[in-house]
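What's in data-v9.tsv: TSV, C-alpha atoms
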chain	number	residue	atom	x	y	z
A	1386	MET	CA	52.86	-13.14	-24.40
A	1387	PRO	CA	50.34	-10.42	-23.49
A	1388	LEU	CA	47.70	-9.31	-25.95
A	1389	THR	CA	48.32	-5.76	-27.18
A	1390	LYS	CA	46.18	-3.77	-29.55
A	1391	VAL	CA	47.60	-0.49	-30.79
A	1392	ASN	CA	45.35	2.45	-31.65
A	1393	ALA	CA	42.23	0.66	-30.45
A	1394	GLU	CA	38.96	2.23	-31.48
A	1395	GLY	CA	36.85	-0.55	-30.08
A	1396	VAL	CA	36.72	-4.28	-29.52
A	1397	ASN	CA	35.75	-6.62	-32.31
A	1398	LEU	CA	33.56	-9.17	-30.56
A	1399	SER	CA	34.20	-11.72	-33.29
A	1400	ASP	CA	37.87	-11.86	-32.21
A	1401	THR	CA	38.82	-14.78	-29.98
A	1402	PHE	CA	40.57	-13.95	-26.73
A	1403	ALA	CA	42.25	-16.43	-24.42
A	1404	PHE	CA	41.98	-15.91	-20.68
A	1405	THR	CA	44.10	-17.52	-18.02
A	1406	GLY	CA	43.98	-16.79	-14.32
A	1407	SER	CA	41.18	-16.40	-11.80
A	1408	VAL	CA	38.54	-13.82	-10.98
A	1409	THR	CA	38.32	-12.80	-7.33
A	1410	GLY	CA	35.55	-10.97	-5.56
A	1411	ALA	CA	32.78	-12.56	-7.63
A	1412	VAL	CA	29.61	-13.50	-5.76
A	1413	SER	CA	27.15	-16.26	-6.40
A	1414	GLY	CA	24.29	-15.32	-8.70
A	1415	SER	CA	21.67	-16.34	-6.13
A	1416	LEU	CA	22.52	-13.87	-3.34
A	1417	GLY	CA	19.89	-11.21	-2.87
A	1418	LYS	CA	17.18	-12.97	-4.86
A	1419	VAL	CA	13.63	-12.90	-3.52
A	1420	LEU	CA	12.73	-16.51	-2.75
A	1421	GLN	CA	9.18	-16.08	-1.44
A	1422	VAL	CA	6.73	-13.32	-0.59
A	1423	LYS	CA	3.98	-13.26	2.04
A	1424	GLU	CA	1.37	-10.52	2.36
A	1425	VAL	CA	-1.11	-9.83	5.13
A	1426	VAL	CA	-3.90	-7.29	4.74
A	1427	ASP	CA	-5.60	-6.93	8.11
A	1428	THR	CA	-8.83	-4.92	8.20
A	1429	THR	CA	-9.80	-5.55	11.81
A	1430	PRO	CA	-9.96	-2.35	13.89
A	1431	ARG	CA	-8.01	-2.88	17.12
A	1432	SER	CA	-7.48	-1.02	20.39
A	1433	ASN	CA	-4.89	-1.23	23.14
A	1434	GLY	CA	-5.55	0.25	26.55
A	1435	SER	CA	-2.64	-0.61	28.77
A	1436	SER	CA	-2.18	-0.56	32.50
A	1437	THR	CA	1.50	-1.43	32.07
A	1438	LEU	CA	4.09	-0.32	29.56
A	1439	ALA	CA	4.72	-3.68	27.88
A	1440	PHE	CA	4.58	-4.87	24.28
A	1441	GLY	CA	1.36	-6.70	23.55
A	1442	ASP	CA	0.53	-8.78	20.51
A	1443	THR	CA	-1.70	-6.83	18.09
A	1444	GLY	CA	-3.09	-10.10	16.72
A	1445	ILE	CA	-1.57	-9.36	13.31
A	1446	ASP	CA	1.00	-11.94	12.27
A	1447	PHE	CA	2.39	-14.05	9.45
A	1448	ARG	CA	4.32	-17.28	9.18
A	1449	ILE	CA	7.22	-17.98	6.87
A	1450	THR	CA	9.59	-20.94	6.55
A	1451	PRO	CA	13.06	-19.86	5.37
A	1452	SER	CA	14.57	-22.17	2.77
A	1453	ALA	CA	18.13	-21.77	4.13
A	1454	THR	CA	19.75	-20.76	7.42
A	1455	THR	CA	21.49	-17.91	5.58
A	1456	SER	CA	18.22	-16.36	4.36
A	1457	LYS	CA	17.10	-12.93	5.54
A	1458	ILE	CA	13.48	-11.87	6.03
A	1459	LEU	CA	12.64	-8.32	4.90
A	1460	ILE	CA	9.41	-7.05	6.48
A	1461	HIS	CA	7.61	-3.87	5.45
A	1462	THR	CA	4.60	-2.69	7.46
A	1463	SER	CA	2.21	0.21	6.97
A	1464	GLY	CA	-1.10	1.35	8.39
A	1465	VAL	CA	-2.92	3.94	10.49
A	1466	LEU	CA	-2.66	4.45	14.24
A	1467	THR	CA	-4.76	6.81	16.37
A	1468	SER	CA	-4.09	7.98	19.89
A	1469	GLY	CA	-7.01	7.99	22.28
A	1470	ASN	CA	-5.08	9.68	25.03
A	1471	ALA	CA	-1.68	7.98	24.89
A	1472	TYR	CA	1.40	10.17	25.00
A	1473	PHE	CA	3.70	7.52	23.50
A	1474	ILE	CA	2.88	4.55	21.26
A	1475	GLY	CA	5.58	2.14	20.09
A	1476	MET	CA	5.58	-0.75	17.61
A	1477	THR	CA	7.95	-3.65	17.09
A	1478	TYR	CA	8.10	-7.21	15.72
A	1479	ASN	CA	8.64	-10.39	17.67
A	1480	ARG	CA	9.63	-13.74	16.17
A	1481	THR	CA	9.00	-17.27	17.39
A	1482	GLY	CA	10.22	-20.52	15.86
A	1483	THR	CA	13.83	-20.47	17.01
A	1484	GLY	CA	13.25	-21.73	20.54
A	1485	SER	CA	12.26	-18.45	22.19
A	1486	VAL	CA	10.52	-15.15	21.47
A	1487	VAL	CA	12.98	-12.74	19.84
A	1488	ASN	CA	12.34	-9.01	19.57
A	1489	ILE	CA	13.69	-7.72	16.25
A	1490	GLY	CA	13.32	-3.99	16.77
A	1491	HIS	CA	16.12	-1.49	17.29
A	1492	SER	CA	17.30	-0.07	20.59
A	1493	VAL	CA	15.84	3.32	21.41
A	1494	THR	CA	16.27	5.74	24.26
A	1495	GLU	CA	13.13	7.57	25.27
A	1496	SER	CA	11.85	9.05	28.51
A	1497	ALA	CA	8.80	6.79	28.34
A	1498	SER	CA	11.13	3.82	29.00
A	1499	PHE	CA	9.69	1.50	26.38
A	1500	PRO	CA	10.53	-2.13	27.04
A	1501	GLY	CA	12.76	-3.91	24.53
A	1502	THR	CA	13.28	-2.26	21.21
A	1503	LEU	CA	11.22	-0.27	18.74
A	1504	LEU	CA	10.71	-0.03	14.99
A	1505	TRP	CA	8.28	2.90	15.09
A	1506	MET	CA	7.14	5.38	17.72
A	1507	GLN	CA	4.52	8.11	17.90
A	1508	ARG	CA	4.71	10.92	20.38
A	1509	ASP	CA	1.63	13.02	19.98
A	1510	ASP	CA	1.83	15.21	23.08
A	1511	ALA	CA	-1.38	13.60	24.36
A	1512	VAL	CA	-3.57	15.03	21.61
A	1513	SER	CA	-6.62	12.82	21.82
A	1514	GLY	CA	-7.73	11.54	18.42
A	1515	ALA	CA	-4.42	12.33	16.67
A	1516	THR	CA	-4.23	9.93	13.69
A	1517	SER	CA	-0.91	9.06	12.08
A	1518	SER	CA	0.03	6.86	9.21
A	1519	PHE	CA	3.04	4.67	9.82
A	1520	SER	CA	5.45	2.76	7.66
A	1521	PHE	CA	8.59	0.90	8.65
A	1522	SER	CA	10.83	-1.91	7.46
A	1523	VAL	CA	13.16	-4.31	9.20
A	1524	LEU	CA	15.59	-6.98	7.99
A	1525	ASP	CA	15.81	-10.08	10.16
A	1526	ALA	CA	18.22	-13.03	10.04
A	1527	PRO	CA	16.44	-15.92	11.80
A	1528	SER	CA	19.26	-18.43	11.03
A	1529	THR	CA	16.83	-21.34	10.83
A	1530	THR	CA	14.80	-23.38	8.37
A	1531	ASN	CA	12.03	-23.84	10.95
A	1532	GLU	CA	8.72	-22.08	10.40
A	1533	CYS	CA	8.88	-18.64	12.01
A	1534	ARG	CA	5.92	-16.64	13.26
A	1535	TYR	CA	6.35	-12.88	13.20
A	1536	PHE	CA	3.83	-10.86	15.15
A	1537	LEU	CA	3.37	-7.13	15.30
A	1538	GLY	CA	3.62	-5.87	18.86
A	1539	TRP	CA	2.68	-2.52	20.33
A	1540	ALA	CA	3.09	-0.72	23.60
A	1541	VAL	CA	1.08	2.21	24.88
A	1542	GLN	CA	2.09	4.57	27.64
A	1543	THR	CA	0.62	3.43	30.95
A	1544	GLY	CA	-2.99	4.52	31.24
A	1545	GLY	CA	-3.29	5.47	27.56
A	1546	THR	CA	-5.26	3.99	24.69
A	1547	ALA	CA	-4.30	3.53	21.05
A	1548	TYR	CA	-6.27	2.37	18.03
A	1549	LEU	CA	-4.86	0.46	15.08
A	1550	GLY	CA	-6.57	0.69	11.69
A	1551	ARG	CA	-9.27	3.09	12.86
A	1552	ARG	CA	-10.13	6.45	14.35
A	1553	SER	CA	-10.49	6.73	18.11
A	1554	SER	CA	-14.03	8.08	17.99
A	1555	ASP	CA	-15.61	5.33	15.89
A	1556	THR	CA	-14.97	2.33	13.65
A	1557	SER	CA	-16.89	3.61	10.61
A	1558	LEU	CA	-13.64	4.73	8.98
A	1559	SER	CA	-11.08	1.96	9.00
A	1560	CYS	CA	-7.82	1.47	7.16
A	1561	PRO	CA	-5.96	-1.82	6.62
A	1562	THR	CA	-2.66	-2.68	8.22
A	1563	ILE	CA	-0.51	-4.19	5.45
A	1564	ILE	CA	2.51	-6.43	5.97
A	1565	THR	CA	4.70	-7.59	3.10
A	1566	ALA	CA	7.45	-10.08	3.99
A	1567	MET	CA	10.11	-11.38	1.61
A	1568	GLU	CA	12.65	-14.13	2.06
A	1569	ILE	CA	15.93	-12.90	0.58
A	1570	ALA	CA	18.70	-15.37	-0.33
A	1571	GLY	CA	21.77	-14.68	1.77
Rewritten as structure tokens:
Amino acid sequence: MPLTKVNAEGVNLSDTFAFTGSVTGAVSGSLGKVLQVKEVVDTTPRSNGSSTLAFGDTGIDFRITPSATTSKILIHTSGVLTSGNAYFIGMTYNRTGTGSVVNIGHSVTESASFPGTLLWMQRDDAVSGATSSFSFSVLDAPSTTNECRYFLGWAVQTGGTAYLGRRSSDTSLSCPTIITAMEIAG
């Protein structure tokens, strides 16, 4: 017999209600929880003068060991980049720890023909000394419980120079590159 209340003005929480049946569509309470956080604050001024358009390792990295193969790694990166004379500068992340180096950027189409994929790109029309702040995030699914190394990669248009965490003219004014990584239960 179904429960019927006529002229309801509210629910009396002291009443006892019986429930039979099942609830569908419910998710586990642990999905989406932050399981661990890693932060890197790099204050080393860096430069990249490239004779080829290929992603090089900036030297900024972090290591994280996912607690489950279903975990996701959310990475947020911010900093300052200056063009010496580079027309295009691109940034991406690469991951090791799953048997090979995996690029975790996103596909991009650009006349500079960047290799692989990008997470951030600056096109400054070759204005020497143009300084830009950058900020980008990416969600990765490494599908492993092995320790993973994520390293920030960058590519500079052939023959150009870029500076990370500093101005092109000097190193007296520097700005940190900050990486915050979180393991998210999945």
Test item: residues at most 12 Å from stretch 1555-1558 of chain A, only C-alpha atoms, excluding those fewer than 5 positions along its chain, as a list in words: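 Within the cut-off, the hits are Thr1428, Thr1429, Pro1430, Arg1431, Ser1432, Val1465, Thr1467, Gly1469, Gly1514, Thr1516, Tyr1548, Leu1549 and Gly1550 of chain A.
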Selected residues written out with C-alpha atoms, as a short mmCIF file (atom, residue, chain, number, x, y, z; two decimals), keeping the file's coordinate frame:
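Output file out37.cif is given in full below:
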data_model
loop_
_atom_site.label_atom_id
_atom_site.label_comp_id
_atom_site.auth_asym_id
_atom_site.auth_seq_id
_atom_site.Cartn_x
_atom_site.Cartn_y
_atom_site.Cartn_z
CA THR A 1428 -8.83 -4.92 8.20
CA THR A 1429 -9.80 -5.55 11.81
CA PRO A 1430 -9.96 -2.35 13.89
CA ARG A 1431 -8.01 -2.88 17.12
CA SER A 1432 -7.48 -1.02 20.39
CA VAL A 1465 -2.92 3.94 10.49
CA THR A 1467 -4.76 6.81 16.37
CA GLY A 1469 -7.01 7.99 22.28
CA GLY A 1514 -7.73 11.54 18.42
CA THR A 1516 -4.23 9.93 13.69
CA TYR A 1548 -6.27 2.37 18.03
CA LEU A 1549 -4.86 0.46 15.08
CA GLY A 1550 -6.57 0.69 11.69
#
Point-to-point distance from atom CA of A:Ser1528 to atom CA of A:Lys1423, Å rounded to tenths: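 Result for atom CA of A:Ser1528 versus atom CA of A:Lys1423: 18.5 Å, one decimal.
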Gap from atom CA of A:Gly1417 to atom CA of A:Val1486 - Å, one decimal: 26.4 Å
Atom CA of A:Ala1547 to atom CA of A:Val1422, distance in Å rounded to a single decimal: 29.6 Å
Non-local contacts of A:Leu1459 (10 Å; all atoms listed in the file; under 6 positions in same chain excluded) as a list in words: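 So, after excluding close chain neighbours, the residues are Val1419, Val1422, Ser1522, Val1523, Leu1524, Asp1525, Ala1526, Thr1565, Ala1566, Met1567, Glu1568 and Ile1569 of chain A.
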Store the residues of this selection in a file with C-alpha atoms, as a PDB file, keeping the file's coordinate frame.
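This went into result00.pdb:
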ATOM      1  CA  VAL A1419      13.630 -12.900  -3.520  1.00  0.00           C
ATOM      2  CA  VAL A1422       6.730 -13.320  -0.590  1.00  0.00           C
ATOM      3  CA  SER A1522      10.830  -1.910   7.460  1.00  0.00           C
ATOM      4  CA  VAL A1523      13.160  -4.310   9.200  1.00  0.00           C
ATOM      5  CA  LEU A1524      15.590  -6.980   7.990  1.00  0.00           C
ATOM      6  CA  ASP A1525      15.810 -10.080  10.160  1.00  0.00           C
ATOM      7  CA  ALA A1526      18.220 -13.030  10.040  1.00  0.00           C
ATOM      8  CA  THR A1565       4.700  -7.590   3.100  1.00  0.00           C
ATOM      9  CA  ALA A1566       7.450 -10.080   3.990  1.00  0.00           C
ATOM     10  CA  MET A1567      10.110 -11.380   1.610  1.00  0.00           C
ATOM     11  CA  GLU A1568      12.650 -14.130   2.060  1.00  0.00           C
ATOM     12  CA  ILE A1569      15.930 -12.900   0.580  1.00  0.00           C
TER      13      ILE A1569
END
Pick from A:Leu1420, A:Ala1515, A:Val1487, A:Val1425, whichever lies nearest to A:Cys1533 using all atoms listed in the file: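 Of the candidates, the smallest distance to A:Cys1533 is held by A:Val1487.
If you measure from each of A:Thr1529, A:Gln1542, A:Ser1415, A:Thr1477 to A:Ile1458 using all atoms listed in the file, the closest one turns out to be A:Thr1529.
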Top pick for closest residue to A:Asn1488, considering A:Ile1449, A:Thr1454, A:Trp1505, A:Phe1440 and counting only C-alpha atoms: A:Phe1440
Closest of A:Phe1447, A:Asn1433, A:Ser1559, A:Pro1527 to A:Ile1489 - atom-to-atom distances counting only C-alpha atoms: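 Among the listed residues, A:Pro1527 lies closest to A:Ile1489.
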Expected answer as a list of chain:residue names: all residues with atoms within 8 Å of (-2.8, -8.0, 0.9), all atoms listed in the file: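 Residues with an atom close enough to that point: A:Glu1424, A:Val1425, A:Val1426, A:Asp1427, A:Ile1563, A:Ile1564, A:Thr1565.
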Selection as a PyMOL selection string: residues within 10 Å of (2.9, -3.7, 18.4), counting all atoms listed in the file: chain A and resi 1433+1439-1445+1474-1479+1503-1505+1536-1541+1549
